[in-house]
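Remarks on the structure that follows.
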Amino acid sequence: MYDPDAPTGSGFWHWVVFDIPANVKELVSKAGNTALNLTPKGAIQSKTDYGTAGYGGPCPPVGHGIHEYIFTIYALKTDKLGLDANTNPAIVGFYLWQNTLAKASIVSYYNRK
C-alpha cells in the first residue's frame, strides 16, 4: 500500500509484501499483522516507511487533505525476488519493475480533518 500524497517528497509506503506464491488467490484479514503470521508460506513482509515490517494504516496529517492509497498486485516472471525482510520499498519496487508481466491496482482515499 502506497500513499503518493504523503508530504515527504517521495510518498509513503504503508505495506510491502512480496514472494507471494502464484497460486494464492487472496490474503486473509489481518495478514499484515506480522505477529499473527497469516501471510502465505514463503511470502515476505518487508520494511515500510514506518521502519517496521507489516501493515501500517493510513494516517495523513490532520488538515492535509484527501490522500490516495494504492494497493497493487503484480504478476511476475519469477517466483522469488531474492530479497529479504530488511529490503526497503524502493529496492523491492526496482525488482518488481524488472520482473513484471502484469499488474492491477485498487485505489482508496482517506482524509483526516
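Labels for the C-alpha cells follow display order: chains A, B, ..., residues from 1 in each chain, ligands from 1.
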
- Task: Go through chain A and collect every residue that DSSP, computed from the backbone, puts in helix (DSSP H, G or I); the answer should be as JSON, numbers by chain.
- Result: {"A": [34, 35, 36, 89, 90, 91, 92, 93, 94, 95, 96, 97, 98, 99]}

Please produce a file of those selected residues containing N, CA and C atoms, as a CSV table (one decimal), in the first residue's frame.
```
chain,number,residue,atom,x,y,z
A,34,THR,N,2.2,-8.9,11.5
A,34,THR,CA,3.3,-9.9,11.4
A,34,THR,C,3.3,-10.8,12.6
A,35,ALA,N,2.7,-10.4,13.8
A,35,ALA,CA,2.7,-11.2,15.0
A,35,ALA,C,1.7,-12.4,14.8
A,36,LEU,N,0.8,-12.3,13.9
A,36,LEU,CA,-0.2,-13.3,13.7
A,36,LEU,C,0.2,-14.4,12.6
A,89,PRO,N,11.4,-0.4,0.5
A,89,PRO,CA,10.4,-0.4,-0.5
A,89,PRO,C,10.9,0.0,-1.9
A,90,ALA,N,11.9,1.0,-2.0
A,90,ALA,CA,12.4,1.4,-3.3
A,90,ALA,C,13.1,0.2,-4.0
A,91,ILE,N,13.9,-0.6,-3.2
A,91,ILE,CA,14.6,-1.7,-3.8
A,91,ILE,C,13.6,-2.8,-4.3
A,92,VAL,N,12.6,-3.1,-3.4
A,92,VAL,CA,11.5,-4.0,-3.8
A,92,VAL,C,10.9,-3.5,-5.1
A,93,GLY,N,10.6,-2.3,-5.2
A,93,GLY,CA,9.9,-1.7,-6.4
A,93,GLY,C,10.8,-1.9,-7.6
A,94,PHE,N,12.1,-1.7,-7.5
A,94,PHE,CA,13.0,-1.9,-8.6
A,94,PHE,C,13.0,-3.3,-9.1
A,95,TYR,N,13.0,-4.3,-8.2
A,95,TYR,CA,13.0,-5.7,-8.6
A,95,TYR,C,11.6,-6.1,-9.2
A,96,LEU,N,10.6,-5.5,-8.6
A,96,LEU,CA,9.2,-5.7,-9.2
A,96,LEU,C,9.2,-5.2,-10.7
A,97,TRP,N,9.7,-4.0,-10.9
A,97,TRP,CA,9.7,-3.4,-12.2
A,97,TRP,C,10.5,-4.3,-13.2
A,98,GLN,N,11.6,-4.8,-12.8
A,98,GLN,CA,12.4,-5.7,-13.6
A,98,GLN,C,11.7,-7.0,-14.0
A,99,ASN,N,10.7,-7.4,-13.2
A,99,ASN,CA,10.1,-8.8,-13.4
A,99,ASN,C,8.6,-8.8,-13.6
```

Pick out each residue of region 13-105 of chain A that DSSP on the backbone tags as strand (DSSP E or B); I need them as a PDB file with N, CA, C and O atoms, in the first residue's frame.
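Below you can see result-v2.pdb, which holds the result:
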```pdb
ATOM      1  N   TRP A  13       5.264   4.428   2.004  1.00  0.00           N
ATOM      2  CA  TRP A  13       4.907   3.014   1.903  1.00  0.00           C
ATOM      3  C   TRP A  13       4.345   2.523   3.227  1.00  0.00           C
ATOM      4  O   TRP A  13       5.019   2.556   4.239  1.00  0.00           O
ATOM      5  N   VAL A  17       4.609  -6.448   0.608  1.00  0.00           N
ATOM      6  CA  VAL A  17       4.612  -7.910   0.709  1.00  0.00           C
ATOM      7  C   VAL A  17       5.036  -8.450  -0.650  1.00  0.00           C
ATOM      8  O   VAL A  17       4.488  -8.033  -1.670  1.00  0.00           O
ATOM      9  N   PHE A  18       5.979  -9.366  -0.663  1.00  0.00           N
ATOM     10  CA  PHE A  18       6.412  -9.948  -1.938  1.00  0.00           C
ATOM     11  C   PHE A  18       6.702 -11.433  -1.766  1.00  0.00           C
ATOM     12  O   PHE A  18       6.636 -11.964  -0.663  1.00  0.00           O
ATOM     13  N   ILE A  44       7.015 -12.593   2.022  1.00  0.00           N
ATOM     14  CA  ILE A  44       7.860 -11.762   2.881  1.00  0.00           C
ATOM     15  C   ILE A  44       7.244 -10.380   3.022  1.00  0.00           C
ATOM     16  O   ILE A  44       6.917  -9.739   2.022  1.00  0.00           O
ATOM     17  N   GLN A  45       7.076  -9.937   4.263  1.00  0.00           N
ATOM     18  CA  GLN A  45       6.658  -8.563   4.536  1.00  0.00           C
ATOM     19  C   GLN A  45       7.922  -7.793   4.899  1.00  0.00           C
ATOM     20  O   GLN A  45       8.567  -8.094   5.889  1.00  0.00           O
ATOM     21  N   LYS A  47      10.247  -4.011   5.273  1.00  0.00           N
ATOM     22  CA  LYS A  47      10.122  -2.733   5.964  1.00  0.00           C
ATOM     23  C   LYS A  47       9.264  -1.744   5.189  1.00  0.00           C
ATOM     24  O   LYS A  47       9.314  -1.679   3.969  1.00  0.00           O
ATOM     25  N   ALA A  53       8.260  -3.979   9.542  1.00  0.00           N
ATOM     26  CA  ALA A  53       7.541  -4.822   8.591  1.00  0.00           C
ATOM     27  C   ALA A  53       6.069  -4.878   8.974  1.00  0.00           C
ATOM     28  O   ALA A  53       5.699  -4.608  10.117  1.00  0.00           O
ATOM     29  N   HIS A  67      -5.947  11.822   0.877  1.00  0.00           N
ATOM     30  CA  HIS A  67      -4.798  11.049   0.435  1.00  0.00           C
ATOM     31  C   HIS A  67      -5.267   9.827  -0.335  1.00  0.00           C
ATOM     32  O   HIS A  67      -6.271   9.204   0.011  1.00  0.00           O
ATOM     33  N   GLU A  68      -4.526   9.497  -1.366  1.00  0.00           N
ATOM     34  CA  GLU A  68      -4.788   8.332  -2.199  1.00  0.00           C
ATOM     35  C   GLU A  68      -3.950   7.166  -1.667  1.00  0.00           C
ATOM     36  O   GLU A  68      -2.757   7.339  -1.387  1.00  0.00           O
ATOM     37  N   TYR A  69      -4.558   6.002  -1.525  1.00  0.00           N
ATOM     38  CA  TYR A  69      -3.853   4.805  -1.072  1.00  0.00           C
ATOM     39  C   TYR A  69      -3.983   3.750  -2.158  1.00  0.00           C
ATOM     40  O   TYR A  69      -5.086   3.345  -2.512  1.00  0.00           O
ATOM     41  N   ILE A  70      -2.843   3.327  -2.675  1.00  0.00           N
ATOM     42  CA  ILE A  70      -2.819   2.427  -3.826  1.00  0.00           C
ATOM     43  C   ILE A  70      -2.339   1.043  -3.394  1.00  0.00           C
ATOM     44  O   ILE A  70      -1.239   0.895  -2.858  1.00  0.00           O
ATOM     45  N   PHE A  71      -3.188   0.049  -3.614  1.00  0.00           N
ATOM     46  CA  PHE A  71      -2.842  -1.355  -3.390  1.00  0.00           C
ATOM     47  C   PHE A  71      -2.586  -1.960  -4.768  1.00  0.00           C
ATOM     48  O   PHE A  71      -3.482  -1.941  -5.619  1.00  0.00           O
ATOM     49  N   THR A  72      -1.399  -2.482  -5.005  1.00  0.00           N
ATOM     50  CA  THR A  72      -1.060  -3.046  -6.315  1.00  0.00           C
ATOM     51  C   THR A  72      -0.579  -4.475  -6.148  1.00  0.00           C
ATOM     52  O   THR A  72       0.220  -4.775  -5.262  1.00  0.00           O
ATOM     53  N   ILE A  73      -1.083  -5.348  -7.034  1.00  0.00           N
ATOM     54  CA  ILE A  73      -0.646  -6.743  -7.078  1.00  0.00           C
ATOM     55  C   ILE A  73       0.053  -6.948  -8.421  1.00  0.00           C
ATOM     56  O   ILE A  73      -0.381  -6.404  -9.432  1.00  0.00           O
ATOM     57  N   TYR A  74       1.134  -7.691  -8.403  1.00  0.00           N
ATOM     58  CA  TYR A  74       1.944  -7.895  -9.598  1.00  0.00           C
ATOM     59  C   TYR A  74       1.973  -9.370  -9.978  1.00  0.00           C
ATOM     60  O   TYR A  74       2.106 -10.230  -9.106  1.00  0.00           O
ATOM     61  N   ALA A  75       1.902  -9.652 -11.277  1.00  0.00           N
ATOM     62  CA  ALA A  75       2.203 -10.977 -11.818  1.00  0.00           C
ATOM     63  C   ALA A  75       3.645 -10.892 -12.309  1.00  0.00           C
ATOM     64  O   ALA A  75       3.981 -10.001 -13.101  1.00  0.00           O
ATOM     65  N   LEU A  76       4.480 -11.790 -11.806  1.00  0.00           N
ATOM     66  CA  LEU A  76       5.912 -11.711 -12.102  1.00  0.00           C
ATOM     67  C   LEU A  76       6.393 -12.891 -12.925  1.00  0.00           C
ATOM     68  O   LEU A  76       5.791 -13.965 -12.912  1.00  0.00           O
ATOM     69  N   THR A 100       8.025  -7.600 -13.852  1.00  0.00           N
ATOM     70  CA  THR A 100       6.572  -7.508 -14.010  1.00  0.00           C
ATOM     71  C   THR A 100       6.092  -7.998 -15.374  1.00  0.00           C
ATOM     72  O   THR A 100       6.576  -7.549 -16.413  1.00  0.00           O
ATOM     73  N   LEU A 101       5.099  -8.903 -15.332  1.00  0.00           N
ATOM     74  CA  LEU A 101       4.370  -9.315 -16.530  1.00  0.00           C
ATOM     75  C   LEU A 101       3.087  -8.501 -16.656  1.00  0.00           C
ATOM     76  O   LEU A 101       2.695  -8.108 -17.748  1.00  0.00           O
ATOM     77  N   ALA A 102       2.413  -8.296 -15.529  1.00  0.00           N
ATOM     78  CA  ALA A 102       1.161  -7.526 -15.491  1.00  0.00           C
ATOM     79  C   ALA A 102       0.951  -7.052 -14.059  1.00  0.00           C
ATOM     80  O   ALA A 102       1.555  -7.579 -13.121  1.00  0.00           O
ATOM     81  N   LYS A 103       0.092  -6.038 -13.905  1.00  0.00           N
ATOM     82  CA  LYS A 103      -0.234  -5.560 -12.565  1.00  0.00           C
ATOM     83  C   LYS A 103      -1.625  -4.961 -12.566  1.00  0.00           C
ATOM     84  O   LYS A 103      -2.158  -4.573 -13.603  1.00  0.00           O
ATOM     85  N   ALA A 104      -2.215  -4.892 -11.386  1.00  0.00           N
ATOM     86  CA  ALA A 104      -3.531  -4.274 -11.216  1.00  0.00           C
ATOM     87  C   ALA A 104      -3.541  -3.559  -9.879  1.00  0.00           C
ATOM     88  O   ALA A 104      -2.894  -4.000  -8.926  1.00  0.00           O
ATOM     89  N   SER A 105      -4.270  -2.454  -9.812  1.00  0.00           N
ATOM     90  CA  SER A 105      -4.323  -1.662  -8.578  1.00  0.00           C
ATOM     91  C   SER A 105      -5.750  -1.373  -8.171  1.00  0.00           C
ATOM     92  O   SER A 105      -6.642  -1.272  -9.014  1.00  0.00           O
TER      93      SER A 105
END
```

At a cut-off of 9 Å, using only C-alpha atoms, what residues contact region 28-30 of chain A? Leave out same-chain residues fewer than 5 positions from it and give the result as a PDB file with all heavy atoms, in the first residue's frame.
```pdb
ATOM      1  N   LEU A  36       0.762 -12.265  13.876  1.00  0.00           N
ATOM      2  CA  LEU A  36      -0.215 -13.332  13.665  1.00  0.00           C
ATOM      3  C   LEU A  36       0.247 -14.368  12.645  1.00  0.00           C
ATOM      4  O   LEU A  36      -0.361 -15.437  12.528  1.00  0.00           O
ATOM      5  CB  LEU A  36      -1.557 -12.742  13.243  1.00  0.00           C
ATOM      6  CG  LEU A  36      -2.216 -11.812  14.255  1.00  0.00           C
ATOM      7  CD1 LEU A  36      -3.511 -11.229  13.689  1.00  0.00           C
ATOM      8  CD2 LEU A  36      -2.482 -12.534  15.569  1.00  0.00           C
ATOM      9  N   LEU A  38      -0.004 -14.639   9.323  1.00  0.00           N
ATOM     10  CA  LEU A  38      -1.111 -15.048   8.462  1.00  0.00           C
ATOM     11  C   LEU A  38      -0.825 -14.923   6.967  1.00  0.00           C
ATOM     12  O   LEU A  38      -1.684 -15.262   6.147  1.00  0.00           O
ATOM     13  CB  LEU A  38      -2.365 -14.218   8.799  1.00  0.00           C
ATOM     14  CG  LEU A  38      -2.938 -14.441  10.195  1.00  0.00           C
ATOM     15  CD1 LEU A  38      -4.068 -13.450  10.467  1.00  0.00           C
ATOM     16  CD2 LEU A  38      -3.417 -15.876  10.357  1.00  0.00           C
ATOM     17  N   THR A  39       0.360 -14.434   6.599  1.00  0.00           N
ATOM     18  CA  THR A  39       0.669 -14.367   5.174  1.00  0.00           C
ATOM     19  C   THR A  39       0.950 -15.773   4.662  1.00  0.00           C
ATOM     20  O   THR A  39       1.316 -16.664   5.427  1.00  0.00           O
ATOM     21  CB  THR A  39       1.891 -13.467   4.895  1.00  0.00           C
ATOM     22  OG1 THR A  39       2.990 -13.900   5.688  1.00  0.00           O
ATOM     23  CG2 THR A  39       1.590 -12.009   5.158  1.00  0.00           C
ATOM     24  N   TYR A  55       1.731  -4.284   7.955  1.00  0.00           N
ATOM     25  CA  TYR A  55       0.815  -3.215   7.555  1.00  0.00           C
ATOM     26  C   TYR A  55       0.786  -2.091   8.584  1.00  0.00           C
ATOM     27  O   TYR A  55       0.661  -2.336   9.777  1.00  0.00           O
ATOM     28  CB  TYR A  55      -0.593  -3.799   7.384  1.00  0.00           C
ATOM     29  CG  TYR A  55      -1.654  -2.767   7.074  1.00  0.00           C
ATOM     30  CD1 TYR A  55      -1.776  -2.241   5.807  1.00  0.00           C
ATOM     31  CD2 TYR A  55      -2.516  -2.319   8.065  1.00  0.00           C
ATOM     32  CE1 TYR A  55      -2.742  -1.295   5.519  1.00  0.00           C
ATOM     33  CE2 TYR A  55      -3.489  -1.378   7.789  1.00  0.00           C
ATOM     34  CZ  TYR A  55      -3.596  -0.870   6.512  1.00  0.00           C
ATOM     35  OH  TYR A  55      -4.552   0.068   6.229  1.00  0.00           O
TER      36      TYR A  55
END
```

- Pick out the residues sitting within 10 Å of Asp19 (chain A), and hand them over as a list in words; count only C-alpha atoms, and ignore anything fewer than 6 positions along from it in its own chain.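 The contact residues come out as Pro40, Lys41, Gly42, Ala43, Ile44, Gln45, Leu76, Thr78, Asp79, Lys80, Leu81, Gly82, Leu83 and Asp84 of chain A.
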
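Nearest to Asn86 (chain A) of all the residues A:Ile106, A:Val16, A:Met1, A:Cys59 is A:Val16, based on only C-alpha atoms.
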